[in-house]
>>> print(open('my_file.cif').read())   # mmCIF, N, CA and C atoms
data_work
#
loop_
_atom_site.label_atom_id
_atom_site.label_comp_id
_atom_site.auth_asym_id
_atom_site.auth_seq_id
_atom_site.Cartn_x
_atom_site.Cartn_y
_atom_site.Cartn_z
N TYR A 1 9.72 -18.26 9.28
CA TYR A 1 10.25 -17.00 9.73
C TYR A 1 9.15 -16.15 10.34
N PRO A 2 8.65 -16.51 11.49
CA PRO A 2 7.50 -15.81 12.08
C PRO A 2 7.81 -14.40 12.59
N ASN A 3 9.06 -14.02 12.69
CA ASN A 3 9.41 -12.69 13.20
C ASN A 3 9.84 -11.72 12.10
N VAL A 4 9.66 -12.10 10.86
CA VAL A 4 10.04 -11.25 9.73
C VAL A 4 8.86 -10.37 9.33
N ALA A 5 9.11 -9.08 9.20
CA ALA A 5 8.07 -8.16 8.74
C ALA A 5 7.99 -8.25 7.21
N ILE A 6 6.79 -8.11 6.67
CA ILE A 6 6.55 -8.23 5.24
C ILE A 6 6.15 -6.86 4.68
N LEU A 7 6.76 -6.47 3.56
CA LEU A 7 6.36 -5.27 2.85
C LEU A 7 5.71 -5.73 1.55
N ALA A 8 4.40 -5.56 1.45
CA ALA A 8 3.65 -6.03 0.29
C ALA A 8 3.25 -4.85 -0.59
N ASP A 9 3.79 -4.81 -1.80
CA ASP A 9 3.45 -3.76 -2.77
C ASP A 9 2.25 -4.26 -3.56
N GLU A 10 1.08 -3.68 -3.32
CA GLU A 10 -0.15 -4.13 -3.96
C GLU A 10 -0.71 -3.10 -4.92
N ILE A 11 0.19 -2.37 -5.60
CA ILE A 11 -0.22 -1.32 -6.52
C ILE A 11 -1.07 -1.83 -7.69
N TYR A 12 -0.90 -3.10 -8.05
CA TYR A 12 -1.64 -3.65 -9.19
C TYR A 12 -2.88 -4.44 -8.76
N GLU A 13 -3.32 -4.33 -7.53
CA GLU A 13 -4.41 -5.16 -7.02
C GLU A 13 -5.72 -5.02 -7.80
N ARG A 14 -5.98 -3.89 -8.38
CA ARG A 14 -7.25 -3.69 -9.10
C ARG A 14 -7.16 -4.06 -10.58
N LEU A 15 -5.98 -4.40 -11.04
CA LEU A 15 -5.81 -4.78 -12.44
C LEU A 15 -5.85 -6.30 -12.55
N VAL A 16 -7.07 -6.84 -12.57
CA VAL A 16 -7.30 -8.28 -12.67
C VAL A 16 -8.06 -8.52 -13.96
N TYR A 17 -7.58 -9.45 -14.75
CA TYR A 17 -8.12 -9.64 -16.09
C TYR A 17 -8.99 -10.88 -16.25
N THR A 18 -9.51 -11.39 -15.16
CA THR A 18 -10.45 -12.50 -15.23
C THR A 18 -11.76 -12.04 -14.63
N GLU A 19 -12.86 -12.49 -15.20
CA GLU A 19 -14.17 -12.08 -14.71
C GLU A 19 -14.37 -12.56 -13.28
N GLY A 20 -14.68 -11.64 -12.40
CA GLY A 20 -14.90 -11.97 -11.00
C GLY A 20 -13.61 -12.26 -10.24
N GLY A 21 -12.47 -12.09 -10.89
CA GLY A 21 -11.19 -12.38 -10.25
C GLY A 21 -10.83 -11.36 -9.19
N LYS A 22 -10.02 -11.78 -8.27
CA LYS A 22 -9.55 -10.90 -7.20
C LYS A 22 -8.07 -11.13 -6.99
N CYS A 23 -7.42 -10.11 -6.54
CA CYS A 23 -6.01 -10.20 -6.18
C CYS A 23 -5.94 -10.44 -4.67
N PRO A 24 -5.37 -11.55 -4.24
CA PRO A 24 -5.31 -11.81 -2.80
C PRO A 24 -4.36 -10.83 -2.10
N SER A 25 -4.75 -10.37 -0.95
CA SER A 25 -3.92 -9.48 -0.15
C SER A 25 -3.03 -10.32 0.77
N PHE A 26 -1.75 -9.97 0.80
CA PHE A 26 -0.81 -10.72 1.64
C PHE A 26 -1.23 -10.64 3.11
N ALA A 27 -1.70 -9.49 3.55
CA ALA A 27 -2.10 -9.31 4.95
C ALA A 27 -3.30 -10.17 5.33
N ALA A 28 -4.08 -10.62 4.35
CA ALA A 28 -5.25 -11.45 4.61
C ALA A 28 -4.90 -12.93 4.78
N MET A 29 -3.67 -13.29 4.50
CA MET A 29 -3.25 -14.68 4.66
C MET A 29 -3.17 -15.02 6.15
N PRO A 30 -3.35 -16.27 6.51
CA PRO A 30 -3.32 -16.66 7.91
C PRO A 30 -2.03 -16.22 8.62
N ASN A 31 -2.19 -15.61 9.78
CA ASN A 31 -1.08 -15.18 10.64
C ASN A 31 -0.16 -14.13 10.02
N MET A 32 -0.64 -13.37 9.06
CA MET A 32 0.21 -12.38 8.41
C MET A 32 -0.17 -10.93 8.71
N PHE A 33 -1.40 -10.69 9.15
CA PHE A 33 -1.87 -9.32 9.34
C PHE A 33 -0.99 -8.52 10.29
N HIS A 34 -0.58 -9.11 11.38
CA HIS A 34 0.16 -8.40 12.43
C HIS A 34 1.59 -8.03 12.02
N ARG A 35 2.08 -8.55 10.90
CA ARG A 35 3.45 -8.24 10.50
C ARG A 35 3.57 -7.78 9.04
N THR A 36 2.46 -7.38 8.44
CA THR A 36 2.48 -6.96 7.04
C THR A 36 2.25 -5.46 6.90
N MET A 37 3.11 -4.83 6.13
CA MET A 37 2.95 -3.44 5.74
C MET A 37 2.53 -3.47 4.27
N THR A 38 1.34 -3.00 3.98
CA THR A 38 0.83 -2.99 2.61
C THR A 38 0.96 -1.59 2.05
N VAL A 39 1.67 -1.46 0.93
CA VAL A 39 1.78 -0.16 0.27
C VAL A 39 0.98 -0.21 -1.01
N ASN A 40 0.39 0.92 -1.34
CA ASN A 40 -0.46 1.01 -2.52
C ASN A 40 -0.45 2.46 -2.99
N GLY A 41 -1.14 2.72 -4.07
CA GLY A 41 -1.19 4.07 -4.60
C GLY A 41 -2.35 4.23 -5.55
N PHE A 42 -2.44 5.40 -6.12
CA PHE A 42 -3.56 5.74 -6.98
C PHE A 42 -3.23 5.65 -8.47
N SER A 43 -1.96 5.64 -8.82
CA SER A 43 -1.58 5.77 -10.24
C SER A 43 -2.12 4.67 -11.13
N LYS A 44 -2.10 3.44 -10.71
CA LYS A 44 -2.55 2.34 -11.56
C LYS A 44 -4.07 2.19 -11.57
N ALA A 45 -4.69 2.14 -10.42
CA ALA A 45 -6.13 1.88 -10.33
C ALA A 45 -6.98 3.05 -10.83
N TYR A 46 -6.48 4.26 -10.69
CA TYR A 46 -7.28 5.43 -11.04
C TYR A 46 -6.68 6.25 -12.18
N ALA A 47 -5.76 5.66 -12.93
CA ALA A 47 -5.13 6.32 -14.09
C ALA A 47 -4.58 7.70 -13.72
N MET A 48 -3.86 7.75 -12.61
CA MET A 48 -3.27 8.99 -12.15
C MET A 48 -1.75 8.95 -12.30
N THR A 49 -1.30 8.47 -13.43
CA THR A 49 0.13 8.37 -13.68
C THR A 49 0.81 9.71 -13.49
N GLY A 50 1.90 9.71 -12.76
CA GLY A 50 2.65 10.92 -12.52
C GLY A 50 2.24 11.69 -11.28
N MET A 51 1.13 11.35 -10.68
CA MET A 51 0.66 12.08 -9.50
C MET A 51 1.45 11.73 -8.24
N ARG A 52 2.05 10.57 -8.20
CA ARG A 52 2.88 10.15 -7.06
C ARG A 52 2.16 10.27 -5.73
N LEU A 53 1.02 9.62 -5.65
CA LEU A 53 0.24 9.65 -4.42
C LEU A 53 0.04 8.20 -3.96
N GLY A 54 0.56 7.89 -2.79
CA GLY A 54 0.47 6.53 -2.29
C GLY A 54 0.17 6.51 -0.81
N TYR A 55 0.02 5.30 -0.29
CA TYR A 55 -0.28 5.15 1.13
C TYR A 55 0.20 3.80 1.63
N MET A 56 0.22 3.66 2.92
CA MET A 56 0.61 2.40 3.56
C MET A 56 -0.40 2.06 4.65
N ALA A 57 -0.74 0.80 4.73
CA ALA A 57 -1.58 0.29 5.82
C ALA A 57 -0.75 -0.72 6.58
N ALA A 58 -0.67 -0.56 7.89
CA ALA A 58 0.18 -1.44 8.69
C ALA A 58 -0.24 -1.40 10.15
N PRO A 59 0.16 -2.42 10.91
CA PRO A 59 -0.07 -2.35 12.35
C PRO A 59 0.63 -1.11 12.93
N ALA A 60 0.11 -0.56 14.00
CA ALA A 60 0.58 0.70 14.56
C ALA A 60 2.09 0.73 14.80
N ARG A 61 2.65 -0.33 15.32
CA ARG A 61 4.09 -0.32 15.63
C ARG A 61 4.93 -0.21 14.36
N LEU A 62 4.50 -0.85 13.29
CA LEU A 62 5.23 -0.76 12.03
C LEU A 62 4.99 0.57 11.34
N ALA A 63 3.77 1.08 11.41
CA ALA A 63 3.44 2.37 10.80
C ALA A 63 4.23 3.49 11.48
N LYS A 64 4.38 3.43 12.79
CA LYS A 64 5.13 4.46 13.51
C LYS A 64 6.59 4.46 13.07
N ALA A 65 7.18 3.28 12.94
CA ALA A 65 8.57 3.19 12.49
C ALA A 65 8.72 3.72 11.06
N ALA A 66 7.78 3.39 10.19
CA ALA A 66 7.84 3.86 8.80
C ALA A 66 7.67 5.38 8.74
N THR A 67 6.83 5.93 9.59
CA THR A 67 6.61 7.37 9.63
C THR A 67 7.89 8.10 10.04
N THR A 68 8.61 7.53 10.97
CA THR A 68 9.86 8.13 11.41
C THR A 68 10.85 8.22 10.26
N VAL A 69 10.98 7.16 9.49
CA VAL A 69 11.89 7.16 8.35
C VAL A 69 11.39 8.10 7.26
N GLN A 70 10.12 7.97 6.90
CA GLN A 70 9.54 8.77 5.82
C GLN A 70 9.64 10.26 6.09
N SER A 71 9.46 10.67 7.32
CA SER A 71 9.47 12.10 7.64
C SER A 71 10.84 12.73 7.44
N GLN A 72 11.88 11.92 7.38
CA GLN A 72 13.23 12.45 7.20
C GLN A 72 13.70 12.44 5.74
N ILE A 73 12.96 11.77 4.86
CA ILE A 73 13.44 11.65 3.48
C ILE A 73 12.50 12.23 2.42
N THR A 74 11.28 12.58 2.78
CA THR A 74 10.37 13.16 1.80
C THR A 74 9.54 14.27 2.44
N SER A 75 8.87 15.02 1.60
CA SER A 75 7.91 16.00 2.10
C SER A 75 6.52 15.42 1.88
N CYS A 76 5.54 16.24 1.65
CA CYS A 76 4.19 15.72 1.45
C CYS A 76 3.84 15.66 -0.03
N ALA A 77 2.76 14.98 -0.32
CA ALA A 77 2.26 14.94 -1.69
C ALA A 77 1.73 16.32 -2.08
N GLY A 78 1.84 16.65 -3.35
CA GLY A 78 1.37 17.94 -3.83
C GLY A 78 -0.14 18.09 -3.66
N SER A 79 -0.60 19.31 -3.54
CA SER A 79 -2.03 19.56 -3.31
C SER A 79 -2.89 19.09 -4.47
N ILE A 80 -2.38 19.17 -5.69
CA ILE A 80 -3.14 18.72 -6.85
C ILE A 80 -3.32 17.20 -6.79
N SER A 81 -2.25 16.48 -6.42
CA SER A 81 -2.34 15.03 -6.28
C SER A 81 -3.32 14.64 -5.17
N GLN A 82 -3.29 15.38 -4.07
CA GLN A 82 -4.20 15.10 -2.97
C GLN A 82 -5.65 15.29 -3.39
N ALA A 83 -5.94 16.36 -4.08
CA ALA A 83 -7.31 16.63 -4.53
C ALA A 83 -7.76 15.57 -5.53
N ALA A 84 -6.86 15.14 -6.41
CA ALA A 84 -7.20 14.09 -7.38
C ALA A 84 -7.47 12.77 -6.67
N GLY A 85 -6.71 12.48 -5.63
CA GLY A 85 -6.93 11.24 -4.86
C GLY A 85 -8.29 11.25 -4.17
N VAL A 86 -8.66 12.37 -3.61
CA VAL A 86 -9.98 12.48 -2.97
C VAL A 86 -11.08 12.29 -4.00
N ALA A 87 -10.92 12.89 -5.17
CA ALA A 87 -11.92 12.75 -6.22
C ALA A 87 -12.01 11.29 -6.70
N ALA A 88 -10.87 10.59 -6.74
CA ALA A 88 -10.85 9.19 -7.19
C ALA A 88 -11.62 8.29 -6.22
N LEU A 89 -11.51 8.60 -4.95
CA LEU A 89 -12.20 7.79 -3.95
C LEU A 89 -13.69 8.06 -3.97
#
>>> encode(input="my_file.cif", output="structure tokens")
Amino acid sequence: YPNVAILADEIYERLVYTEGGKCPSFAAMPNMFHRTMTVNGFSKAYAMTGMRLGYMAAPARLAKAATTVQSQITSCAGSISQAAGVAAL
């Protein structure tokens, strides 16, 4: 299915319980980068439960389409969550 877009939820990518282990990214797989939308957030990796701060990485054409939908159904993240995200990074 080479024309199917992929939505990869990688919120648990940093929670790996083996020494030196890594969580493979779907977008890093061969021929997948151009059609993968990766969503992630801060709550799991940075113990920010309840902050509801997330992000998406995607090719421009997919990001533009997602922005159009998102702008009609949500507002922005709260200022406290934004400041906590900056501090986490």
>>> residues_around(input="my_file.cif", residues="A:Phe33", least_positions_apart="3", cutoff="12 Å", atoms="only C-alpha atoms", output="compact mmCIF listing (two decimals) with N, CA and C atoms, in the coordinates of the input")
# COMPACT_ATOMS: atom_id res chain seq x y z
N PRO A 2 8.65 -16.51 11.49
CA PRO A 2 7.50 -15.81 12.08
C PRO A 2 7.81 -14.40 12.59
N ALA A 5 9.11 -9.08 9.20
CA ALA A 5 8.07 -8.16 8.74
C ALA A 5 7.99 -8.25 7.21
N ILE A 6 6.79 -8.11 6.67
CA ILE A 6 6.55 -8.23 5.24
C ILE A 6 6.15 -6.86 4.68
N LEU A 7 6.76 -6.47 3.56
CA LEU A 7 6.36 -5.27 2.85
C LEU A 7 5.71 -5.73 1.55
N ALA A 8 4.40 -5.56 1.45
CA ALA A 8 3.65 -6.03 0.29
C ALA A 8 3.25 -4.85 -0.59
N SER A 25 -4.75 -10.37 -0.95
CA SER A 25 -3.92 -9.48 -0.15
C SER A 25 -3.03 -10.32 0.77
N PHE A 26 -1.75 -9.97 0.80
CA PHE A 26 -0.81 -10.72 1.64
C PHE A 26 -1.23 -10.64 3.11
N ALA A 27 -1.70 -9.49 3.55
CA ALA A 27 -2.10 -9.31 4.95
C ALA A 27 -3.30 -10.17 5.33
N ALA A 28 -4.08 -10.62 4.35
CA ALA A 28 -5.25 -11.45 4.61
C ALA A 28 -4.90 -12.93 4.78
N MET A 29 -3.67 -13.29 4.50
CA MET A 29 -3.25 -14.68 4.66
C MET A 29 -3.17 -15.02 6.15
N PRO A 30 -3.35 -16.27 6.51
CA PRO A 30 -3.32 -16.66 7.91
C PRO A 30 -2.03 -16.22 8.62
N THR A 36 2.46 -7.38 8.44
CA THR A 36 2.48 -6.96 7.04
C THR A 36 2.25 -5.46 6.90
N MET A 37 3.11 -4.83 6.13
CA MET A 37 2.95 -3.44 5.74
C MET A 37 2.53 -3.47 4.27
N THR A 38 1.34 -3.00 3.98
CA THR A 38 0.83 -2.99 2.61
C THR A 38 0.96 -1.59 2.05
N ALA A 57 -0.74 0.80 4.73
CA ALA A 57 -1.58 0.29 5.82
C ALA A 57 -0.75 -0.72 6.58
N ALA A 58 -0.67 -0.56 7.89
CA ALA A 58 0.18 -1.44 8.69
C ALA A 58 -0.24 -1.40 10.15
N PRO A 59 0.16 -2.42 10.91
CA PRO A 59 -0.07 -2.35 12.35
C PRO A 59 0.63 -1.11 12.93
N ALA A 60 0.11 -0.56 14.00
CA ALA A 60 0.58 0.70 14.56
C ALA A 60 2.09 0.73 14.80
N LEU A 62 4.50 -0.85 13.29
CA LEU A 62 5.23 -0.76 12.03
C LEU A 62 4.99 0.57 11.34
>>> select_by_dssp(input="my_file.cif", residues="chain A", states="alpha helix (DSSP H)", output="count of residues only")
24
>>> atom_distance(input="my_file.cif", atom1="atom C of A:Ile11", atom2="atom N of A:Ser43")
7.6 Å
>>> select_by_dssp(input="my_file.cif", residues="chain A", states="strand (DSSP E)", output="list of chain:residue names")
A:Ile6, A:Leu7, A:Ala8, A:Asp9, A:Thr36, A:Met37, A:Thr38, A:Val39, A:Asn40, A:Gly41, A:Gly54, A:Tyr55, A:Met56, A:Ala57
>>> axis_aligned_box(input="my_file.cif", around="stretch 21-26 of chain A", padding_each_side="8 Å", output="JSON")
{"center_x": -6.6, "center_y": -10.9, "center_z": -3.9, "size_x": 27.7, "size_y": 18.9, "size_z": 30.0}
>>> atom_distance(input="my_file.cif", atom1="atom N of A:Cys76", atom2="atom C of A:Arg52")
10.1 Å
>>> atom_distance(input="my_file.cif", atom1="atom CA of A:Met51", atom2="atom CA of A:Ser79")
10.1 Å
>>> resolve_selection(input="my_file.cif", expression="the PyMOL selection byres ((chain A and resi 55) around 5)", output="NGL selection string")
:A and (39-41 or 53-54 or 56-57)
>>> closest_residue(input="my_file.cif", among="A:Ser71, A:Lys22, A:Arg61, A:Phe42", to="A:Ala87", atoms="only C-alpha atoms")
A:Phe42
>>> closest_residue(input="my_file.cif", among="A:Asn31, A:Thr68, A:Ala45, A:Ser75", to="A:Tyr12", atoms="only C-alpha atoms")
A:Ala45
>>> closest_residue(input="my_file.cif", among="A:Ile73, A:Cys23, A:Ala66, A:Ala84", to="A:Thr49", atoms="only C-alpha atoms")
A:Ala84
>>> decode(input="my_file.cif", residues="chain A", atoms="C-alpha atoms", output="PDB file, in the first residue's frame")
ATOM      1  CA  TYR A   1       0.000   0.000   0.000  1.00  0.00           C
ATOM      2  CA  PRO A   2       2.480   2.659  -1.114  1.00  0.00           C
ATOM      3  CA  ASN A   3      -0.119   5.461  -1.214  1.00  0.00           C
ATOM      4  CA  VAL A   4      -1.377   5.073   2.354  1.00  0.00           C
ATOM      5  CA  ALA A   5      -0.398   7.763   4.855  1.00  0.00           C
ATOM      6  CA  ILE A   6       0.819   6.508   8.244  1.00  0.00           C
ATOM      7  CA  LEU A   7       0.012   8.090  11.612  1.00  0.00           C
ATOM      8  CA  ALA A   8       2.632   6.892  14.101  1.00  0.00           C
ATOM      9  CA  ASP A   9       1.979   7.586  17.788  1.00  0.00           C
ATOM     10  CA  GLU A  10       5.442   7.514  19.372  1.00  0.00           C
ATOM     11  CA  ILE A  11       4.554   8.873  22.818  1.00  0.00           C
ATOM     12  CA  TYR A  12       6.358   5.979  24.527  1.00  0.00           C
ATOM     13  CA  GLU A  13       9.585   6.207  22.484  1.00  0.00           C
ATOM     14  CA  ARG A  14      11.748   7.187  25.467  1.00  0.00           C
ATOM     15  CA  LEU A  15      10.419   4.473  27.758  1.00  0.00           C
ATOM     16  CA  VAL A  16      12.789   1.638  26.826  1.00  0.00           C
ATOM     17  CA  TYR A  17      13.699  -0.865  29.504  1.00  0.00           C
ATOM     18  CA  THR A  18      16.777  -2.495  28.006  1.00  0.00           C
ATOM     19  CA  GLU A  19      20.267  -1.097  28.392  1.00  0.00           C
ATOM     20  CA  GLY A  20      21.208   0.777  25.241  1.00  0.00           C
ATOM     21  CA  GLY A  21      17.824  -0.055  23.727  1.00  0.00           C
ATOM     22  CA  LYS A  22      16.071   2.216  21.281  1.00  0.00           C
ATOM     23  CA  CYS A  23      12.562   2.506  19.997  1.00  0.00           C
ATOM     24  CA  PRO A  24      12.579   2.431  16.188  1.00  0.00           C
ATOM     25  CA  SER A  25      10.800   5.317  14.496  1.00  0.00           C
ATOM     26  CA  PHE A  26       8.292   4.348  11.821  1.00  0.00           C
ATOM     27  CA  ALA A  27       9.390   7.300   9.653  1.00  0.00           C
ATOM     28  CA  ALA A  28      12.971   5.962   9.676  1.00  0.00           C
ATOM     29  CA  MET A  29      11.935   2.733   7.967  1.00  0.00           C
ATOM     30  CA  PRO A  30      12.789   2.432   4.263  1.00  0.00           C
ATOM     31  CA  ASN A  31      10.436   4.432   2.001  1.00  0.00           C
ATOM     32  CA  MET A  32       8.263   5.629   4.893  1.00  0.00           C
ATOM     33  CA  PHE A  33       9.494   9.160   5.671  1.00  0.00           C
ATOM     34  CA  HIS A  34       7.517  10.869   2.901  1.00  0.00           C
ATOM     35  CA  ARG A  35       4.181   9.459   4.094  1.00  0.00           C
ATOM     36  CA  THR A  36       4.511   9.275   7.882  1.00  0.00           C
ATOM     37  CA  MET A  37       2.989  11.684  10.386  1.00  0.00           C
ATOM     38  CA  THR A  38       4.671  11.166  13.755  1.00  0.00           C
ATOM     39  CA  VAL A  39       2.815  12.414  16.816  1.00  0.00           C
ATOM     40  CA  ASN A  40       4.441  12.700  20.204  1.00  0.00           C
ATOM     41  CA  GLY A  41       4.147  14.625  23.432  1.00  0.00           C
ATOM     42  CA  PHE A  42       5.787  15.560  26.681  1.00  0.00           C
ATOM     43  CA  SER A  43       3.646  13.738  29.249  1.00  0.00           C
ATOM     44  CA  LYS A  44       5.413  10.368  29.235  1.00  0.00           C
ATOM     45  CA  ALA A  45       9.064  11.281  28.602  1.00  0.00           C
ATOM     46  CA  TYR A  46       9.142  14.317  30.881  1.00  0.00           C
ATOM     47  CA  ALA A  47       6.611  13.306  33.574  1.00  0.00           C
ATOM     48  CA  MET A  48       4.243  16.084  32.569  1.00  0.00           C
ATOM     49  CA  THR A  49       1.036  14.134  33.064  1.00  0.00           C
ATOM     50  CA  GLY A  50      -1.996  16.330  32.588  1.00  0.00           C
ATOM     51  CA  MET A  51      -0.175  19.086  30.714  1.00  0.00           C
ATOM     52  CA  ARG A  52      -1.600  17.987  27.345  1.00  0.00           C
ATOM     53  CA  LEU A  53       1.262  19.268  25.256  1.00  0.00           C
ATOM     54  CA  GLY A  54       2.058  17.425  22.048  1.00  0.00           C
ATOM     55  CA  TYR A  55       3.404  17.874  18.567  1.00  0.00           C
ATOM     56  CA  MET A  56       3.479  16.339  15.121  1.00  0.00           C
ATOM     57  CA  ALA A  57       6.327  15.956  12.644  1.00  0.00           C
ATOM     58  CA  ALA A  58       5.320  15.309   9.051  1.00  0.00           C
ATOM     59  CA  PRO A  59       6.079  16.166   5.443  1.00  0.00           C
ATOM     60  CA  ALA A  60       4.788  19.658   4.578  1.00  0.00           C
ATOM     61  CA  ARG A  61       1.782  18.478   2.558  1.00  0.00           C
ATOM     62  CA  LEU A  62       0.535  16.274   5.401  1.00  0.00           C
ATOM     63  CA  ALA A  63       1.305  18.863   8.088  1.00  0.00           C
ATOM     64  CA  LYS A  64      -0.682  21.503   6.186  1.00  0.00           C
ATOM     65  CA  ALA A  65      -3.707  19.210   5.964  1.00  0.00           C
ATOM     66  CA  ALA A  66      -3.466  18.342   9.675  1.00  0.00           C
ATOM     67  CA  THR A  67      -3.188  22.033  10.574  1.00  0.00           C
ATOM     68  CA  THR A  68      -6.381  22.776   8.678  1.00  0.00           C
ATOM     69  CA  VAL A  69      -8.289  20.147  10.663  1.00  0.00           C
ATOM     70  CA  GLN A  70      -6.659  20.964  14.017  1.00  0.00           C
ATOM     71  CA  SER A  71      -7.367  24.681  13.735  1.00  0.00           C
ATOM     72  CA  GLN A  72     -11.102  23.980  13.575  1.00  0.00           C
ATOM     73  CA  ILE A  73     -11.355  21.616  16.552  1.00  0.00           C
ATOM     74  CA  THR A  74      -8.951  22.869  19.236  1.00  0.00           C
ATOM     75  CA  SER A  75      -7.349  26.012  20.556  1.00  0.00           C
ATOM     76  CA  CYS A  76      -3.753  26.283  21.708  1.00  0.00           C
ATOM     77  CA  ALA A  77      -1.917  24.644  24.569  1.00  0.00           C
ATOM     78  CA  GLY A  78      -2.041  26.531  27.858  1.00  0.00           C
ATOM     79  CA  SER A  79       0.811  28.904  28.665  1.00  0.00           C
ATOM     80  CA  ILE A  80       1.846  26.862  31.710  1.00  0.00           C
ATOM     81  CA  SER A  81       2.130  23.713  29.565  1.00  0.00           C
ATOM     82  CA  GLN A  82       4.137  25.623  26.962  1.00  0.00           C
ATOM     83  CA  ALA A  83       6.584  26.948  29.552  1.00  0.00           C
ATOM     84  CA  ALA A  84       6.960  23.466  31.068  1.00  0.00           C
ATOM     85  CA  GLY A  85       7.675  22.021  27.610  1.00  0.00           C
ATOM     86  CA  VAL A  86      10.402  24.580  26.973  1.00  0.00           C
ATOM     87  CA  ALA A  87      11.946  23.816  30.358  1.00  0.00           C
ATOM     88  CA  ALA A  88      11.821  20.058  29.596  1.00  0.00           C
ATOM     89  CA  LEU A  89      13.737  20.532  26.377  1.00  0.00           C
TER      90      LEU A  89
END
